[in-house]
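Visitor: Structure in structure tokens, see below.
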Amino acid sequence: MSFDENLQIKSFVNYKKAYQESLKNPEKFWDKVANHFIWKSKWNKTLTWDFKKPEVKWFEGGKLNITENCLDRHLEKQPNKDAIIWEPNDPNEESRHITYKQLYLKVCQFANVLKNNGIKKGDRVCIYMPMIPELTVAMLACARIGAIHSIVFAGFSSEAIASRINDATCKILITANNYYRGRKSVELKAICDQALKNTPSIETVIVYRRTVNPTPMKEGRDKFWFDELQKVPTQNEAEEMDSEDPLFILYTSGSTGKPKGMVHTTGGYLIGTAFSFQNVFQPSKNDIYWCSADIGWITGHSYIVYGPLAAGVTTVMFEGVPSYPDYNRFWEIIEKYKITQFYTAPTAIRALAKQSITHVEKHDLSSLKVLGSVGEPINEEAWHWFNDNIGKGNCPIVDTWWQTETGSIMISPLAGITATRPTFATLPLPGVQPALMNEDGKEIEFNNQKAEGILTIKAPWPAIARTVWGDHERYKNTYFSTYKGKYFTGDAAYRDASGNYRITGRVDDVIIVSGHNLGTAPIENAINEHEKVAESAIVGFPHEVKGKSLYAFVILYHEEDASEELKEEIKKQVANVIGPIAKPERIQFVPELPKTRSGKIMRRILRKIAAHKTDDLGDISTLENDDIVKKIIDKAILD
Ligand code: ATP
Ligand code: MG
């Protein structure tokens, strides 16, 4: 066997073996993994697929409930182990420890609340809550009764909630009255009320009272969480779900356009998240794992909730932000709970690296064993900062490449097993078959030579999204029409002679200058290496001679460093690291970059600014900082 009783692959030799097994006979491989879980009845066909249709089915005919695998399964062996440790926004408020037994009871009880409010298998439930344990309870309660959860990040506006509720015709909305994010009070219920003016499908709203602030309630429609609990017992029989029954809908970050409502199903998603979690993070029995993402994103779904709980690991949930009360907060949390695996995003790492290092030095981070990154390419400087200051050179960094659509991590080192390398997501997980495509749309076969191309995946893995909610055509067009028979990721990648992958940026953002294909990540990486540069984003703009020229938006550590000389130094730096071809023609110093609420740079907006086409910025519903866009436009470099 290439993996142990926890599904963990323990050596590089076994990784290679597992990878080969998964290629040679995917059905046999995933059968072995799936056999570790509780099924109410076994599947009769492991995999059916056709990327042309497109259609994917895993473990057909199998019956299960994912919550029995995340909760009931652990009750005998570890009922009193913490399932969730919750750290509140305000460090003076008490943290909460919720054991597997307690979480199980809460989920069962809230499942009864949903049923009592007329929610049935297949109904859609919108959840708009802060990062509190009740968010996890609500999502698992949906899964318990077979309702489909659609979680909307609590930082989104009323229009964003309304459009998501309407897209999936949700029947019920679960929210909180209010919460604090850093110093800011967020009036969640008031925002919901605004949205609810245009959401005819919502019949009931359940409100968790997170703070003592007054809560506007509408008679007949709105009910308090606590009151509803009083009406129901804590026993709940888990609904029998088909392996292919939808588990949830989740919208993508909207970095490249209008967010897509991806649909994930039950069996494959469980198997994919559990297996990848065990292998990428290699948790042992008493580990305390912390992923700092929000549950409103796929990272939170798969690696705060489903993956860790399926593995029976203690997962930490943090309600606040890295800057509150000050930039000590993350390091304080790591010290407080003796975190062993810490999974975060490049945007957070870069923000933290800009602060004084004394914040880090004040804390004992020696409990850490593994560091992780996800969401964007991590640039070399940020990687080293993370490695040296947080991991103290002792913690492998797992740079995990994946997407809302993939459901689970696709390309990543396995901690302590795969050799890491800055800016490289390294090797595919077992069951994942990447392929690079050249400009003629042909696969660049791997023959121990380096290559660059468009990243596609050749065959399905268990956690692949099955459709876009209500729009299978969009699913087909977006992912399966560019290359026949292959899943199109939308990302470009470089592969070294040993088969290690480096994500070089979005295909949409690839810039062709004088016939050369340039990815955004390597150029930004080179710019960020300059000691005065904190962060940067690069886009192309039309150029008469070269076709395209490069425009760089650069954030400095100290704004007062901005000068023409510095621009020249940056250009020189890029010329040295990559070559003169990649030198940006224009450089604009900016105080911030436009980002999605999940922390990703929205290059499509910068592209419009660089091309002076700012009349229509496209879908900006997921933009975090609108105000910065105007500031950048005002100072944009014109001809
Ligand atoms: P949309 O699809 O709506 O444009 P999005 O692609 O940002 O938004 P997500 O599913 O949250 O939505 O993000 C997935 C994308 O994030 C990947 O396609 C890739 O571009 C980027 N990404 C994620 N992890 C990594 C990583 N480790 N290295 C490089 N890029 C990454
Ligand atoms: Mg995407």
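Labels used: A, B, ... for chains in the order of the structure tokens, numbers from 1 for residues in each chain, and numbers from 1 for ligands as shown.
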Given only C-alpha atoms, how would the per-residue table for range 500-609 of chain A near range 149-166 of chain A read, listing every residue at most 12 Å away with its closest atom pair and distance in Å to one decimal, sorted by chain and number, as a Markdown table?
Guide:
```
| residue | atom | partner | partner_atom | distance |
| --- | --- | --- | --- | --- |
| A:Thr596 | CA | A:Phe156 | CA | 10.5 |
| A:Arg597 | CA | A:Gly155 | CA | 7.4 |
| A:Ser598 | CA | A:Phe153 | CA | 9.0 |
| A:Gly599 | CA | A:Gly155 | CA | 11.9 |
```
Visitor: Please extract the residues at most 8 Å from ligand 2, counting only C-alpha atoms and all ligand atoms, and provide them as a list in words, using the chain letters and residue numbers of this document.
Guide: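 Sorted by chain and then by number, the residues are Thr252, Ser253, Gly254, Ser255, Thr256, Gln403, Thr404, Glu405, Thr489 and Gly490 of chain A.
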Visitor: Output the selection as a PDB file, in the first residue's frame - N, CA and C atoms for each residue.
Guide:
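Written out: result39.pdb:
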```
ATOM      1  N   THR A 252     -17.088  31.643  -7.600  1.00  0.00           N
ATOM      2  CA  THR A 252     -15.656  31.907  -7.735  1.00  0.00           C
ATOM      3  C   THR A 252     -15.365  33.352  -7.343  1.00  0.00           C
ATOM      4  N   SER A 253     -14.093  33.704  -7.260  1.00  0.00           N
ATOM      5  CA  SER A 253     -13.708  35.016  -6.732  1.00  0.00           C
ATOM      6  C   SER A 253     -14.013  36.187  -7.660  1.00  0.00           C
ATOM      7  N   GLY A 254     -14.289  35.912  -8.930  1.00  0.00           N
ATOM      8  CA  GLY A 254     -14.583  37.006  -9.851  1.00  0.00           C
ATOM      9  C   GLY A 254     -13.357  37.796 -10.274  1.00  0.00           C
ATOM     10  N   SER A 255     -12.174  37.176 -10.248  1.00  0.00           N
ATOM     11  CA  SER A 255     -10.954  37.890 -10.664  1.00  0.00           C
ATOM     12  C   SER A 255     -10.972  38.172 -12.156  1.00  0.00           C
ATOM     13  N   THR A 256     -11.511  37.230 -12.925  1.00  0.00           N
ATOM     14  CA  THR A 256     -11.438  37.380 -14.380  1.00  0.00           C
ATOM     15  C   THR A 256     -12.778  37.744 -15.010  1.00  0.00           C
ATOM     16  N   GLN A 403      -8.373  25.529  -7.480  1.00  0.00           N
ATOM     17  CA  GLN A 403      -9.410  26.504  -7.822  1.00  0.00           C
ATOM     18  C   GLN A 403     -10.733  26.138  -7.166  1.00  0.00           C
ATOM     19  N   THR A 404     -11.662  27.103  -7.166  1.00  0.00           N
ATOM     20  CA  THR A 404     -13.016  26.814  -6.675  1.00  0.00           C
ATOM     21  C   THR A 404     -13.547  25.607  -7.447  1.00  0.00           C
ATOM     22  N   GLU A 405     -13.260  25.578  -8.730  1.00  0.00           N
ATOM     23  CA  GLU A 405     -13.767  24.516  -9.605  1.00  0.00           C
ATOM     24  C   GLU A 405     -13.159  23.155  -9.279  1.00  0.00           C
ATOM     25  N   THR A 489      -7.870  25.226 -17.348  1.00  0.00           N
ATOM     26  CA  THR A 489      -7.790  25.850 -16.014  1.00  0.00           C
ATOM     27  C   THR A 489      -7.851  27.369 -16.059  1.00  0.00           C
ATOM     28  N   GLY A 490      -7.488  27.947 -17.214  1.00  0.00           N
ATOM     29  CA  GLY A 490      -7.404  29.404 -17.279  1.00  0.00           C
ATOM     30  C   GLY A 490      -6.073  29.941 -16.786  1.00  0.00           C
TER      31      GLY A 490
END
```
Visitor: Taking a cut-off of 9 Å and counting only C-alpha atoms and all ligand atoms, can you build a table that, for each residue of chain A near ligand 1, reports the nearest atom pair and how far apart they are in Å (one decimal), sorted by chain then residue number, as CSV?
Guide:
```
residue,atom,partner,partner_atom_place_in_ligand_line,distance
A:Tyr251,CA,ligand 1,3 (O),7.4
A:Thr252,CA,ligand 1,3 (O),4.2
A:Ser253,CA,ligand 1,8 (O),3.8
A:Gly254,CA,ligand 1,3 (O),3.0
A:Ser255,CA,ligand 1,4 (O),3.7
A:Thr256,CA,ligand 1,4 (O),3.5
A:Gly257,CA,ligand 1,4 (O),5.3
A:Lys258,CA,ligand 1,3 (O),6.1
A:Pro259,CA,ligand 1,3 (O),4.4
A:Lys260,CA,ligand 1,3 (O),6.1
A:Trp297,CA,ligand 1,11 (O),6.8
A:Ile298,CA,ligand 1,11 (O),6.8
A:Thr299,CA,ligand 1,11 (O),8.1
A:Ala345,CA,ligand 1,24 (N),8.6
A:Pro346,CA,ligand 1,27 (N),8.7
A:Ser373,CA,ligand 1,27 (N),6.2
A:Val374,CA,ligand 1,24 (N),4.3
A:Gly375,CA,ligand 1,23 (C),3.5
A:Glu376,CA,ligand 1,30 (N),3.7
A:Pro377,CA,ligand 1,29 (C),3.4
A:Ile378,CA,ligand 1,28 (N),6.3
A:Val398,CA,ligand 1,27 (N),8.5
A:Asp399,CA,ligand 1,27 (N),4.9
A:Thr400,CA,ligand 1,27 (N),4.2
A:Trp401,CA,ligand 1,27 (N),3.6
A:Trp402,CA,ligand 1,24 (N),5.1
A:Gln403,CA,ligand 1,10 (O),3.8
A:Thr404,CA,ligand 1,10 (O),3.7
A:Glu405,CA,ligand 1,10 (O),6.2
A:Thr406,CA,ligand 1,10 (O),8.1
A:Gly407,CA,ligand 1,10 (O),8.8
A:Ile409,CA,ligand 1,24 (N),8.7
A:Ile411,CA,ligand 1,27 (N),8.0
A:Ser412,CA,ligand 1,27 (N),7.7
A:Thr423,CA,ligand 1,28 (N),7.7
A:Phe424,CA,ligand 1,28 (N),7.9
A:Ala425,CA,ligand 1,27 (N),6.1
A:Thr489,CA,ligand 1,18 (O),6.2
A:Gly490,CA,ligand 1,18 (O),6.1
A:Asp491,CA,ligand 1,20 (O),5.5
A:Ala492,CA,ligand 1,20 (O),8.4
A:Arg502,CA,ligand 1,28 (N),7.5
A:Ile503,CA,ligand 1,29 (C),5.0
A:Thr504,CA,ligand 1,29 (C),7.1
A:Gly505,CA,ligand 1,20 (O),6.1
A:Arg506,CA,ligand 1,20 (O),5.4
A:Val507,CA,ligand 1,20 (O),8.6
A:Ala521,CA,ligand 1,29 (C),8.4
A:Thr596,CA,ligand 1,7 (O),7.8
A:Ser598,CA,ligand 1,11 (O),7.1
A:Gly599,CA,ligand 1,7 (O),8.8
A:Lys600,CA,ligand 1,7 (O),6.4
A:Ile601,CA,ligand 1,7 (O),8.5
A:Met602,CA,ligand 1,7 (O),8.4
A:Thr622,CA,ligand 1,3 (O),9.0
```
Visitor: Name the residues in contact with range 8-24 of chain A at a cut-off of 6 Å, using only C-alpha atoms, excluding same-chain residues fewer than 3 positions from it; report them as a list of chain:residue names.
Guide: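 Returned residues: A:Ser2, A:Phe3, A:Asp4, A:Phe29, A:Gln278, A:Asn279, A:Ile417, A:Pro430, A:Gly431.
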Visitor: Range 478-621 of chain A: which residues are alpha helix (DSSP H) by DSSP, as a PyMOL selection string?
Guide: chain A and resi 478-479+520-528+564-577+603-610
Visitor: Using CA of Asp440 in chain A and CA of Glu452 in chain A as the two end points, give the distance in Å to one decimal.
Guide: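 Between these atoms lies a distance of 12.9 Å.
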Visitor: List every residue of range 557-613 of chain A that DSSP, applied to the backbone of this structure, assigns to strand (DSSP E or B), and report them as an MDAnalysis selection string.
Guide: chainID A and resid 586:589 595:596 601
Visitor: Tell me, as a VMD selection string, which residues lie within 8 Å of Arg96 in chain A, counting only C-alpha atoms; anything in the same chain fewer than 4 positions away does not count.
Guide: chain A and resid 84 to 87
Visitor: Output N, CA and C atoms of each residue in that selection to a file, as a PDB file, in the first residue's frame.
Guide:
```pdb
ATOM      1  N   ILE A  84     -13.290  22.161  16.727  1.00  0.00           N
ATOM      2  CA  ILE A  84     -13.054  23.560  16.356  1.00  0.00           C
ATOM      3  C   ILE A  84     -12.506  24.320  17.559  1.00  0.00           C
ATOM      4  N   ILE A  85     -11.468  25.093  17.325  1.00  0.00           N
ATOM      5  CA  ILE A  85     -11.066  26.109  18.307  1.00  0.00           C
ATOM      6  C   ILE A  85     -11.362  27.440  17.643  1.00  0.00           C
ATOM      7  N   TRP A  86     -12.107  28.256  18.332  1.00  0.00           N
ATOM      8  CA  TRP A  86     -12.514  29.527  17.735  1.00  0.00           C
ATOM      9  C   TRP A  86     -11.862  30.698  18.441  1.00  0.00           C
ATOM     10  N   GLU A  87     -11.231  31.538  17.662  1.00  0.00           N
ATOM     11  CA  GLU A  87     -10.591  32.743  18.183  1.00  0.00           C
ATOM     12  C   GLU A  87     -11.405  33.952  17.709  1.00  0.00           C
TER      13      GLU A  87
END
```
Visitor: By how many Å are CA of Glu624 in chain A and CA of Ile174 in chain A apart?
Guide: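 Interatomic distance here is 23.0 Å.
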Visitor: Considering only C-alpha atoms, state which residue in the set A:Gly122, A:Pro79, A:Gly393, A:Gly261 is at the smallest distance from Gly470 in chain A.
Guide: A:Gly261
Visitor: Mind pulling up the distance from CA of Lys42 in chain A to CA of His74 in chain A?
Guide: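 So the answer is 20.3 Å.
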Visitor: Using only C-alpha atoms, find each residue in range 350-430 of chain A having at least one atom no more than 12 Å away from range 554-561 of chain A; report its shortest atom-to-atom pair and that distance in Å (one decimal), rows by chain then rising number, as a tab-separated table.
Guide:
```
residue	atom	partner	partner_atom	distance
A:Arg350	CA	A:Tyr557	CA	10.8
A:Ala351	CA	A:Tyr557	CA	10.3
A:Leu352	CA	A:Tyr557	CA	11.8
A:Ala353	CA	A:Tyr557	CA	10.0
A:Lys354	CA	A:Tyr557	CA	6.7
A:Gln355	CA	A:Tyr557	CA	9.3
A:Ser356	CA	A:Tyr557	CA	11.2
```
Visitor: Ranking A:Tyr269, A:Leu606, A:Thr426, A:Glu524 by minimum distance to Tyr306 in chain A and counting only C-alpha atoms, which one comes first?
Guide: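 Checking each of A:Tyr269, A:Leu606, A:Thr426, A:Glu524 against Tyr306 in chain A, counting only C-alpha atoms, the winner is A:Tyr269.
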Visitor: Measuring atom to atom with only C-alpha atoms, identify which of A:Lys223, A:Lys53, A:His36, A:Lys613 is nearest to Glu5 in chain A.
Guide: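 For Glu5 in chain A, the nearest of the candidates is A:His36.
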Visitor: Neighbouring residues of Glu27 in chain A were defined as those with any atom within 10 Å, considering only C-alpha atoms; residues of the same chain fewer than 6 positions away were excluded. Please report them as a list in words.
Guide: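 Once the adjacent positions are removed, what remains is Glu21, Val33, Lys45, Thr46, Leu47, Thr48, Trp58, Phe59 and Gly431 of chain A.
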Visitor: Save out the residues we just selected, N, CA, C and O atoms, as a PDB file, in the first residue's frame.
Guide:
```
ATOM      1  N   GLU A  21       0.057   4.417  -9.615  1.00  0.00           N
ATOM      2  CA  GLU A  21      -1.160   3.599  -9.419  1.00  0.00           C
ATOM      3  C   GLU A  21      -2.398   4.376  -9.860  1.00  0.00           C
ATOM      4  O   GLU A  21      -3.295   3.841 -10.517  1.00  0.00           O
ATOM      5  N   VAL A  33      -9.171   4.483  -1.569  1.00  0.00           N
ATOM      6  CA  VAL A  33      -9.314   5.666  -0.712  1.00  0.00           C
ATOM      7  C   VAL A  33     -10.737   5.728  -0.156  1.00  0.00           C
ATOM      8  O   VAL A  33     -10.948   5.919   1.049  1.00  0.00           O
ATOM      9  N   LYS A  45     -20.364   1.869  -9.549  1.00  0.00           N
ATOM     10  CA  LYS A  45     -19.424   2.253 -10.598  1.00  0.00           C
ATOM     11  C   LYS A  45     -18.568   3.399 -10.079  1.00  0.00           C
ATOM     12  O   LYS A  45     -19.104   4.424  -9.640  1.00  0.00           O
ATOM     13  N   THR A  46     -17.256   3.218 -10.125  1.00  0.00           N
ATOM     14  CA  THR A  46     -16.390   4.225  -9.501  1.00  0.00           C
ATOM     15  C   THR A  46     -16.373   5.518 -10.311  1.00  0.00           C
ATOM     16  O   THR A  46     -16.450   6.601  -9.738  1.00  0.00           O
ATOM     17  N   LEU A  47     -16.251   5.396 -11.621  1.00  0.00           N
ATOM     18  CA  LEU A  47     -16.105   6.622 -12.412  1.00  0.00           C
ATOM     19  C   LEU A  47     -16.753   6.493 -13.788  1.00  0.00           C
ATOM     20  O   LEU A  47     -16.539   5.510 -14.495  1.00  0.00           O
ATOM     21  N   THR A  48     -17.531   7.522 -14.126  1.00  0.00           N
ATOM     22  CA  THR A  48     -18.055   7.655 -15.488  1.00  0.00           C
ATOM     23  C   THR A  48     -17.683   9.052 -15.925  1.00  0.00           C
ATOM     24  O   THR A  48     -17.921  10.000 -15.172  1.00  0.00           O
ATOM     25  N   TRP A  58     -18.712  10.251  -9.933  1.00  0.00           N
ATOM     26  CA  TRP A  58     -17.843   9.415  -9.100  1.00  0.00           C
ATOM     27  C   TRP A  58     -18.693   8.607  -8.122  1.00  0.00           C
ATOM     28  O   TRP A  58     -19.617   9.132  -7.528  1.00  0.00           O
ATOM     29  N   PHE A  59     -18.336   7.373  -7.957  1.00  0.00           N
ATOM     30  CA  PHE A  59     -18.951   6.481  -6.961  1.00  0.00           C
ATOM     31  C   PHE A  59     -20.467   6.402  -7.156  1.00  0.00           C
ATOM     32  O   PHE A  59     -21.241   6.539  -6.212  1.00  0.00           O
ATOM     33  N   GLY A 431      -3.774  11.149  -8.840  1.00  0.00           N
ATOM     34  CA  GLY A 431      -5.095  11.316  -9.447  1.00  0.00           C
ATOM     35  C   GLY A 431      -5.228  12.565 -10.305  1.00  0.00           C
ATOM     36  O   GLY A 431      -6.242  12.750 -10.960  1.00  0.00           O
TER      37      GLY A 431
END
```
Visitor: Pick out the residues sitting within 10 Å of range 135-140 of chain A, and hand them over as an MDAnalysis selection string; count only C-alpha atoms, and ignore anything fewer than 2 positions along from it in its own chain.
Guide: chainID A and resid 66:67 70:71 84 103:111 113:114 125:133 142:151 174:176 208 247:248 295:296 301 304:306 317
Visitor: Counting only C-alpha atoms, which of A:Ile206, A:Leu250, A:His516, A:Asp50 gets nearest to Pro580 in chain A?
Guide: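 Ranking A:Ile206, A:Leu250, A:His516, A:Asp50 by distance to Pro580 in chain A, first place goes to A:His516.
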